[in-house]
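S.K.: The following block contains the structure, expressed as structure tokens.
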Amino acid sequence: MTRDAADPDARHARGMHAEGDDWSKLPNSQRKDRPLSSAQLKELAAKSNGRGFVALAGNCSLILATGGAIMLTDGVLVPALWRQAWPPLLLLLLLLWQGFLLSALGFAAQHECLHYTAFRTKSLNSLVGRLVSVPSFAFFLHEQAMHKEHHTYTQDLERDPELVAEVAGCTYSGAASGLPDGVDLAAVAAAGRNGFKKVPLSRAQYFERFTCLSGYTSSKLKKFWHCGRGVPVDYSSDGWLLKHCPPGARLTASLQYEARVQAGGTLALLLLWLAALGWRSLLLTWLLPAYLGPPLLY
């Protein structure tokens, strides 16, 4: 595809290979009919460490409180007789709620940090973004690279990493493509950029995602495994489907280093938790909710 200087896409930063990575200062829209004035946009886009830490503290407090409730309900903190007074349904609901909170921390908080909008400085956003990714086993730098390309080529079936993986049938859940049945991809490509979304199309499809729990987990773990070996993967978790931008040496080395550091740190944290609070606490307040959480959010 040939693009000239008048094409907004040609003037936009070139995704993960662009110079600099503070997207908040890039002109991400060429529209002239914006409903908000420049002054309103500036006010809404103002960054604040205070607001960022308040939001982070709220999310972490809910996770700690729910973890405590799970331990009480299961009888970890009190005699087993306590457990008999609570129906198993309550424990299941708490596990699902904890899973949602962990996924929200690893997705929503991570998302704001990788855009450098949660806090005032790039370094603080990067640090917090990496920390909040650990509980849900998310990969901060990988998501940052993919998400930047997603914003550069949003809804482009051949270049948007999210849609490329969907079209290839390599979704986050490891299940079949989330595109509606009967979609003529050639017609879609000819018509331009359409607004496909990864949200379930029905209640049945929503609940079907819980049958793909192992797919979500294996997809996350494979990203760490492959990138840690120096073999970059995209959202497919098995290869690099983005033909328009093959990974360079710098991105490959960065992903390899980050994957090894985060995997090693997470393993150390798991072992410390196991030694301090035991396997039941580790399983019920962290690992099982993290396993159950993705379909509730993604």
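The chains in the structure tokens are called A, B, ... from first to last as shown; in each chain the residues are counted from 1, and the ligands are counted from 1 in the order shown.
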Determine, counting only C-alpha atoms, which protein, DNA and RNA residues have an atom within 12 Å of an atom of region 113-122 of chain A; residues of the same chain fewer than 3 positions away are not included. Present the result as JSON, numbers by chain.

M.R.: {"A": [20, 21, 22, 23, 24, 25, 26, 44, 45, 46, 47, 48, 49, 50, 51, 52, 53, 54, 55, 56, 105, 106, 107, 108, 109, 110, 125, 126, 127, 128, 129, 130, 131, 132, 133, 139, 140, 141, 142, 143, 144, 145, 146, 147, 148, 151]}

S.K.: As an MDAnalysis selection string, please: the residues near Arg260 (chain A) (cut-off 9 Å, only C-alpha atoms, same-chain neighbours under 2 positions excluded).

M.R.: chainID A and resid 224:225 227:229 255:258 262:265

S.K.: Check the DSSP output for the backbone and give back, as a PDB file with N, CA and C atoms, in the first residue's frame, the residues of region 208-259 of chain A in helix (DSSP H, G or I).

M.R.:
ATOM      1  N   GLU A 208     -19.368 -18.995  27.403  1.00  0.00           N
ATOM      2  CA  GLU A 208     -18.485 -19.926  26.712  1.00  0.00           C
ATOM      3  C   GLU A 208     -17.021 -19.612  26.985  1.00  0.00           C
ATOM      4  N   ARG A 209     -16.726 -18.357  27.283  1.00  0.00           N
ATOM      5  CA  ARG A 209     -15.340 -17.988  27.533  1.00  0.00           C
ATOM      6  C   ARG A 209     -14.770 -18.680  28.762  1.00  0.00           C
ATOM      7  N   PHE A 210     -15.641 -19.068  29.683  1.00  0.00           N
ATOM      8  CA  PHE A 210     -15.151 -19.763  30.870  1.00  0.00           C
ATOM      9  C   PHE A 210     -14.714 -21.192  30.541  1.00  0.00           C
ATOM     10  N   THR A 211     -15.063 -21.690  29.366  1.00  0.00           N
ATOM     11  CA  THR A 211     -14.575 -23.008  28.948  1.00  0.00           C
ATOM     12  C   THR A 211     -13.184 -22.912  28.346  1.00  0.00           C
ATOM     13  N   CYS A 212     -12.677 -21.707  28.204  1.00  0.00           N
ATOM     14  CA  CYS A 212     -11.356 -21.495  27.590  1.00  0.00           C
ATOM     15  C   CYS A 212     -10.355 -20.958  28.606  1.00  0.00           C
ATOM     16  N   LEU A 213     -10.574 -21.230  29.886  1.00  0.00           N
ATOM     17  CA  LEU A 213      -9.700 -20.674  30.921  1.00  0.00           C
ATOM     18  C   LEU A 213      -8.240 -21.081  30.717  1.00  0.00           C
ATOM     19  N   SER A 214      -8.015 -22.334  30.361  1.00  0.00           N
ATOM     20  CA  SER A 214      -6.645 -22.779  30.171  1.00  0.00           C
ATOM     21  C   SER A 214      -5.979 -22.042  29.020  1.00  0.00           C
ATOM     22  N   GLY A 215      -6.796 -21.623  28.025  1.00  0.00           N
ATOM     23  CA  GLY A 215      -6.250 -20.876  26.900  1.00  0.00           C
ATOM     24  C   GLY A 215      -5.720 -19.526  27.304  1.00  0.00           C
ATOM     25  N   TYR A 216      -6.456 -18.824  28.175  1.00  0.00           N
ATOM     26  CA  TYR A 216      -5.979 -17.532  28.665  1.00  0.00           C
ATOM     27  C   TYR A 216      -4.644 -17.694  29.380  1.00  0.00           C
ATOM     28  N   THR A 217      -4.567 -18.679  30.264  1.00  0.00           N
ATOM     29  CA  THR A 217      -3.352 -18.879  31.057  1.00  0.00           C
ATOM     30  C   THR A 217      -2.183 -19.291  30.184  1.00  0.00           C
ATOM     31  N   SER A 218      -2.400 -20.251  29.301  1.00  0.00           N
ATOM     32  CA  SER A 218      -1.301 -20.715  28.460  1.00  0.00           C
ATOM     33  C   SER A 218      -0.816 -19.612  27.531  1.00  0.00           C
ATOM     34  N   SER A 219      -1.740 -18.757  27.071  1.00  0.00           N
ATOM     35  CA  SER A 219      -1.345 -17.644  26.210  1.00  0.00           C
ATOM     36  C   SER A 219      -0.399 -16.694  26.937  1.00  0.00           C
ATOM     37  N   LYS A 220      -0.713 -16.400  28.195  1.00  0.00           N
ATOM     38  CA  LYS A 220       0.152 -15.516  28.976  1.00  0.00           C
ATOM     39  C   LYS A 220       1.524 -16.148  29.217  1.00  0.00           C
ATOM     40  N   LEU A 221       1.522 -17.417  29.611  1.00  0.00           N
ATOM     41  CA  LEU A 221       2.778 -18.082  29.932  1.00  0.00           C
ATOM     42  C   LEU A 221       3.652 -18.252  28.695  1.00  0.00           C
ATOM     43  N   LYS A 222       3.018 -18.508  27.548  1.00  0.00           N
ATOM     44  CA  LYS A 222       3.803 -18.678  26.326  1.00  0.00           C
ATOM     45  C   LYS A 222       4.496 -17.391  25.912  1.00  0.00           C
ATOM     46  N   LYS A 223       3.882 -16.240  26.186  1.00  0.00           N
ATOM     47  CA  LYS A 223       4.542 -14.967  25.883  1.00  0.00           C
ATOM     48  C   LYS A 223       5.855 -14.857  26.651  1.00  0.00           C
ATOM     49  N   PHE A 224       5.818 -15.179  27.942  1.00  0.00           N
ATOM     50  CA  PHE A 224       7.041 -15.115  28.744  1.00  0.00           C
ATOM     51  C   PHE A 224       8.062 -16.138  28.248  1.00  0.00           C
ATOM     52  N   TRP A 225       7.606 -17.343  27.949  1.00  0.00           N
ATOM     53  CA  TRP A 225       8.511 -18.411  27.543  1.00  0.00           C
ATOM     54  C   TRP A 225       9.226 -18.067  26.230  1.00  0.00           C
ATOM     55  N   HIS A 226       8.450 -17.684  25.224  1.00  0.00           N
ATOM     56  CA  HIS A 226       9.051 -17.407  23.922  1.00  0.00           C
ATOM     57  C   HIS A 226       9.916 -16.144  23.945  1.00  0.00           C
ATOM     58  N   CYS A 227       9.376 -15.069  24.527  1.00  0.00           N
ATOM     59  CA  CYS A 227      10.148 -13.826  24.570  1.00  0.00           C
ATOM     60  C   CYS A 227      11.402 -13.998  25.418  1.00  0.00           C
ATOM     61  N   GLY A 228      11.311 -14.760  26.501  1.00  0.00           N
ATOM     62  CA  GLY A 228      12.479 -15.016  27.340  1.00  0.00           C
ATOM     63  C   GLY A 228      13.564 -15.786  26.618  1.00  0.00           C
ATOM     64  N   ALA A 249      16.062  -6.014  16.418  1.00  0.00           N
ATOM     65  CA  ALA A 249      16.964  -6.540  17.441  1.00  0.00           C
ATOM     66  C   ALA A 249      16.735  -5.853  18.789  1.00  0.00           C
ATOM     67  N   ARG A 250      16.445  -4.549  18.754  1.00  0.00           N
ATOM     68  CA  ARG A 250      16.265  -3.804  20.006  1.00  0.00           C
ATOM     69  C   ARG A 250      15.014  -4.281  20.744  1.00  0.00           C
ATOM     70  N   LEU A 251      13.915  -4.440  20.005  1.00  0.00           N
ATOM     71  CA  LEU A 251      12.680  -4.909  20.636  1.00  0.00           C
ATOM     72  C   LEU A 251      12.847  -6.335  21.142  1.00  0.00           C
ATOM     73  N   THR A 252      13.502  -7.168  20.353  1.00  0.00           N
ATOM     74  CA  THR A 252      13.733  -8.557  20.759  1.00  0.00           C
ATOM     75  C   THR A 252      14.523  -8.639  22.052  1.00  0.00           C
ATOM     76  N   ALA A 253      15.605  -7.845  22.143  1.00  0.00           N
ATOM     77  CA  ALA A 253      16.445  -7.866  23.348  1.00  0.00           C
ATOM     78  C   ALA A 253      15.689  -7.325  24.557  1.00  0.00           C
ATOM     79  N   SER A 254      14.889  -6.276  24.351  1.00  0.00           N
ATOM     80  CA  SER A 254      14.133  -5.690  25.460  1.00  0.00           C
ATOM     81  C   SER A 254      13.093  -6.669  25.988  1.00  0.00           C
ATOM     82  N   LEU A 255      12.375  -7.324  25.086  1.00  0.00           N
ATOM     83  CA  LEU A 255      11.368  -8.299  25.505  1.00  0.00           C
ATOM     84  C   LEU A 255      12.011  -9.479  26.218  1.00  0.00           C
ATOM     85  N   GLN A 256      13.167  -9.901  25.740  1.00  0.00           N
ATOM     86  CA  GLN A 256      13.852 -11.030  26.378  1.00  0.00           C
ATOM     87  C   GLN A 256      14.264 -10.680  27.802  1.00  0.00           C
ATOM     88  N   TYR A 257      14.846  -9.501  27.980  1.00  0.00           N
ATOM     89  CA  TYR A 257      15.288  -9.076  29.311  1.00  0.00           C
ATOM     90  C   TYR A 257      14.103  -8.929  30.259  1.00  0.00           C
ATOM     91  N   GLU A 258      13.049  -8.244  29.797  1.00  0.00           N
ATOM     92  CA  GLU A 258      11.884  -8.009  30.650  1.00  0.00           C
ATOM     93  C   GLU A 258      11.195  -9.325  31.016  1.00  0.00           C
ATOM     94  N   ALA A 259      11.092 -10.236  30.068  1.00  0.00           N
ATOM     95  CA  ALA A 259      10.434 -11.519  30.335  1.00  0.00           C
ATOM     96  C   ALA A 259      11.185 -12.289  31.411  1.00  0.00           C
TER      97      ALA A 259
END

S.K.: Please provide the set of residues having any atom within 9 Å of Leu90 (chain A), restricted to only C-alpha atoms, with same-chain residues fewer than 4 positions apart removed, written as a ChimeraX atom specification.

M.R.: /A:70,73,86,94-95

S.K.: How about saving the chosen residues, all heavy atoms kept, as a CSV table (one decimal), in the first residue's frame?

M.R.:
chain,number,residue,atom,x,y,z
A,70,ILE,N,-11.9,-14.2,51.6
A,70,ILE,CA,-11.8,-15.6,51.1
A,70,ILE,C,-11.2,-16.5,52.2
A,70,ILE,O,-11.6,-17.6,52.4
A,70,ILE,CB,-10.9,-15.6,49.8
A,70,ILE,CG1,-11.7,-15.0,48.7
A,70,ILE,CG2,-10.5,-17.1,49.5
A,70,ILE,CD1,-10.8,-14.8,47.4
A,73,THR,N,-13.8,-17.2,54.8
A,73,THR,CA,-14.8,-18.0,54.4
A,73,THR,C,-14.3,-19.5,54.2
A,73,THR,O,-15.1,-20.4,54.5
A,73,THR,CB,-15.3,-17.5,53.0
A,73,THR,OG1,-15.7,-16.2,53.1
A,73,THR,CG2,-16.5,-18.4,52.5
A,86,TRP,N,-20.7,-21.1,56.1
A,86,TRP,CA,-20.8,-20.4,54.9
A,86,TRP,C,-21.0,-21.3,53.7
A,86,TRP,O,-20.3,-22.3,53.5
A,86,TRP,CB,-19.4,-19.7,54.7
A,86,TRP,CG,-19.2,-18.6,55.7
A,86,TRP,CD1,-18.6,-18.8,56.9
A,86,TRP,CD2,-19.5,-17.2,55.6
A,86,TRP,NE1,-18.6,-17.6,57.6
A,86,TRP,CE2,-19.1,-16.6,56.8
A,86,TRP,CE3,-20.1,-16.4,54.6
A,86,TRP,CZ2,-19.3,-15.3,57.1
A,86,TRP,CZ3,-20.2,-15.1,54.9
A,86,TRP,CH2,-19.8,-14.5,56.1
A,94,LEU,N,-16.7,-14.9,45.9
A,94,LEU,CA,-15.5,-14.2,46.3
A,94,LEU,C,-14.4,-14.5,45.4
A,94,LEU,O,-13.6,-13.6,45.0
A,94,LEU,CB,-15.2,-14.5,47.7
A,94,LEU,CG,-16.1,-13.9,48.8
A,94,LEU,CD1,-15.8,-14.5,50.2
A,94,LEU,CD2,-16.0,-12.4,48.8
A,95,LEU,N,-14.2,-15.7,44.9
A,95,LEU,CA,-13.1,-16.1,44.0
A,95,LEU,C,-13.3,-15.3,42.7
A,95,LEU,O,-12.3,-14.8,42.1
A,95,LEU,CB,-13.1,-17.6,43.8
A,95,LEU,CG,-12.6,-18.4,45.0
A,95,LEU,CD1,-12.8,-19.9,44.7
A,95,LEU,CD2,-11.2,-18.2,45.4

S.K.: CA of Pro135 (chain A) and CA of Asp160 (chain A) are how many Å apart?

M.R.: 27.0 Å

S.K.: Can you list, as a PyMOL selection string, every protein, DNA or RNA residue that comes within 9 Å of region 274-291 of chain A when you count only C-alpha atoms, leaving out same-chain residues fewer than 3 positions away?

M.R.: chain A and resi 63-64+66-68+70-71+74+76+94-103+135-137+213-214+216-217+269-271+294

S.K.: Can I get the selected residues back with N, CA and C atoms, as an mmCIF file, in the first residue's frame?

M.R.:
data_model
loop_
_atom_site.group_PDB
_atom_site.id
_atom_site.type_symbol
_atom_site.label_atom_id
_atom_site.label_comp_id
_atom_site.auth_asym_id
_atom_site.auth_seq_id
_atom_site.Cartn_x
_atom_site.Cartn_y
_atom_site.Cartn_z
ATOM 1 N N ILE A 63 -8.574 -5.717 46.732
ATOM 2 C CA ILE A 63 -7.948 -7.033 46.567
ATOM 3 C C ILE A 63 -7.573 -7.622 47.921
ATOM 4 N N LEU A 64 -6.984 -6.806 48.789
ATOM 5 C CA LEU A 64 -6.599 -7.289 50.121
ATOM 6 C C LEU A 64 -7.826 -7.665 50.944
ATOM 7 N N THR A 66 -10.809 -8.551 49.838
ATOM 8 C CA THR A 66 -11.430 -9.760 49.290
ATOM 9 C C THR A 66 -10.602 -10.988 49.619
ATOM 10 N N GLY A 67 -9.278 -10.852 49.573
ATOM 11 C CA GLY A 67 -8.420 -11.968 49.963
ATOM 12 C C GLY A 67 -8.655 -12.379 51.405
ATOM 13 N N GLY A 68 -8.815 -11.399 52.291
ATOM 14 C CA GLY A 68 -9.117 -11.697 53.688
ATOM 15 C C GLY A 68 -10.456 -12.387 53.846
ATOM 16 N N ILE A 70 -11.917 -14.238 51.620
ATOM 17 C CA ILE A 70 -11.770 -15.610 51.115
ATOM 18 C C ILE A 70 -11.152 -16.513 52.182
ATOM 19 N N MET A 71 -10.127 -16.019 52.854
ATOM 20 C CA MET A 71 -9.464 -16.822 53.877
ATOM 21 C C MET A 71 -10.395 -17.089 55.056
ATOM 22 N N ASP A 74 -13.104 -19.651 53.841
ATOM 23 C CA ASP A 74 -12.586 -21.000 53.665
ATOM 24 C C ASP A 74 -12.074 -21.600 54.970
ATOM 25 N N VAL A 76 -9.336 -20.564 56.611
ATOM 26 C CA VAL A 76 -7.871 -20.508 56.704
ATOM 27 C C VAL A 76 -7.432 -19.770 57.955
ATOM 28 N N LEU A 94 -16.725 -14.930 45.857
ATOM 29 C CA LEU A 94 -15.544 -14.178 46.273
ATOM 30 C C LEU A 94 -14.356 -14.459 45.361
ATOM 31 N N LEU A 95 -14.195 -15.704 44.948
ATOM 32 C CA LEU A 95 -13.106 -16.059 44.034
ATOM 33 C C LEU A 95 -13.269 -15.346 42.690
ATOM 34 N N LEU A 96 -14.504 -15.301 42.195
ATOM 35 C CA LEU A 96 -14.752 -14.616 40.925
ATOM 36 C C LEU A 96 -14.522 -13.106 41.064
ATOM 37 N N TRP A 97 -14.959 -12.546 42.174
ATOM 38 C CA TRP A 97 -14.757 -11.112 42.413
ATOM 39 C C TRP A 97 -13.266 -10.785 42.534
ATOM 40 N N GLN A 98 -12.529 -11.635 43.232
ATOM 41 C CA GLN A 98 -11.088 -11.442 43.339
ATOM 42 C C GLN A 98 -10.427 -11.567 41.965
ATOM 43 N N GLY A 99 -10.910 -12.507 41.164
ATOM 44 C CA GLY A 99 -10.373 -12.653 39.821
ATOM 45 C C GLY A 99 -10.602 -11.426 38.970
ATOM 46 N N PHE A 100 -11.797 -10.843 39.107
ATOM 47 C CA PHE A 100 -12.079 -9.602 38.373
ATOM 48 C C PHE A 100 -11.145 -8.488 38.819
ATOM 49 N N LEU A 101 -10.936 -8.363 40.126
ATOM 50 C CA LEU A 101 -10.075 -7.298 40.645
ATOM 51 C C LEU A 101 -8.631 -7.462 40.173
ATOM 52 N N LEU A 102 -8.124 -8.690 40.193
ATOM 53 C CA LEU A 102 -6.758 -8.929 39.730
ATOM 54 C C LEU A 102 -6.622 -8.625 38.241
ATOM 55 N N SER A 103 -7.624 -9.026 37.464
ATOM 56 C CA SER A 103 -7.593 -8.747 36.028
ATOM 57 C C SER A 103 -7.711 -7.257 35.751
ATOM 58 N N PRO A 135 0.388 -9.589 39.460
ATOM 59 C CA PRO A 135 -0.676 -10.453 40.011
ATOM 60 C C PRO A 135 -1.484 -11.200 38.968
ATOM 61 N N SER A 136 -1.673 -10.627 37.782
ATOM 62 C CA SER A 136 -2.466 -11.299 36.745
ATOM 63 C C SER A 136 -1.578 -11.955 35.693
ATOM 64 N N PHE A 137 -0.266 -11.984 35.944
ATOM 65 C CA PHE A 137 0.699 -12.598 35.028
ATOM 66 C C PHE A 137 0.668 -11.941 33.647
ATOM 67 N N LEU A 213 -10.574 -21.230 29.886
ATOM 68 C CA LEU A 213 -9.700 -20.674 30.921
ATOM 69 C C LEU A 213 -8.240 -21.081 30.717
ATOM 70 N N SER A 214 -8.015 -22.334 30.361
ATOM 71 C CA SER A 214 -6.645 -22.779 30.171
ATOM 72 C C SER A 214 -5.979 -22.042 29.020
ATOM 73 N N TYR A 216 -6.456 -18.824 28.175
ATOM 74 C CA TYR A 216 -5.979 -17.532 28.665
ATOM 75 C C TYR A 216 -4.644 -17.694 29.380
ATOM 76 N N THR A 217 -4.567 -18.679 30.264
ATOM 77 C CA THR A 217 -3.352 -18.879 31.057
ATOM 78 C C THR A 217 -2.183 -19.291 30.184
ATOM 79 N N LEU A 269 8.340 -14.326 44.317
ATOM 80 C CA LEU A 269 7.189 -13.903 45.119
ATOM 81 C C LEU A 269 6.297 -15.091 45.463
ATOM 82 N N LEU A 270 6.087 -15.986 44.511
ATOM 83 C CA LEU A 270 5.286 -17.182 44.763
ATOM 84 C C LEU A 270 5.901 -18.045 45.864
ATOM 85 N N LEU A 271 7.210 -18.216 45.826
ATOM 86 C CA LEU A 271 7.891 -19.036 46.826
ATOM 87 C C LEU A 271 7.833 -18.383 48.213
ATOM 88 N N PRO A 294 -9.828 -13.624 33.798
ATOM 89 C CA PRO A 294 -9.835 -13.019 32.467
ATOM 90 C C PRO A 294 -11.172 -12.956 31.745
#
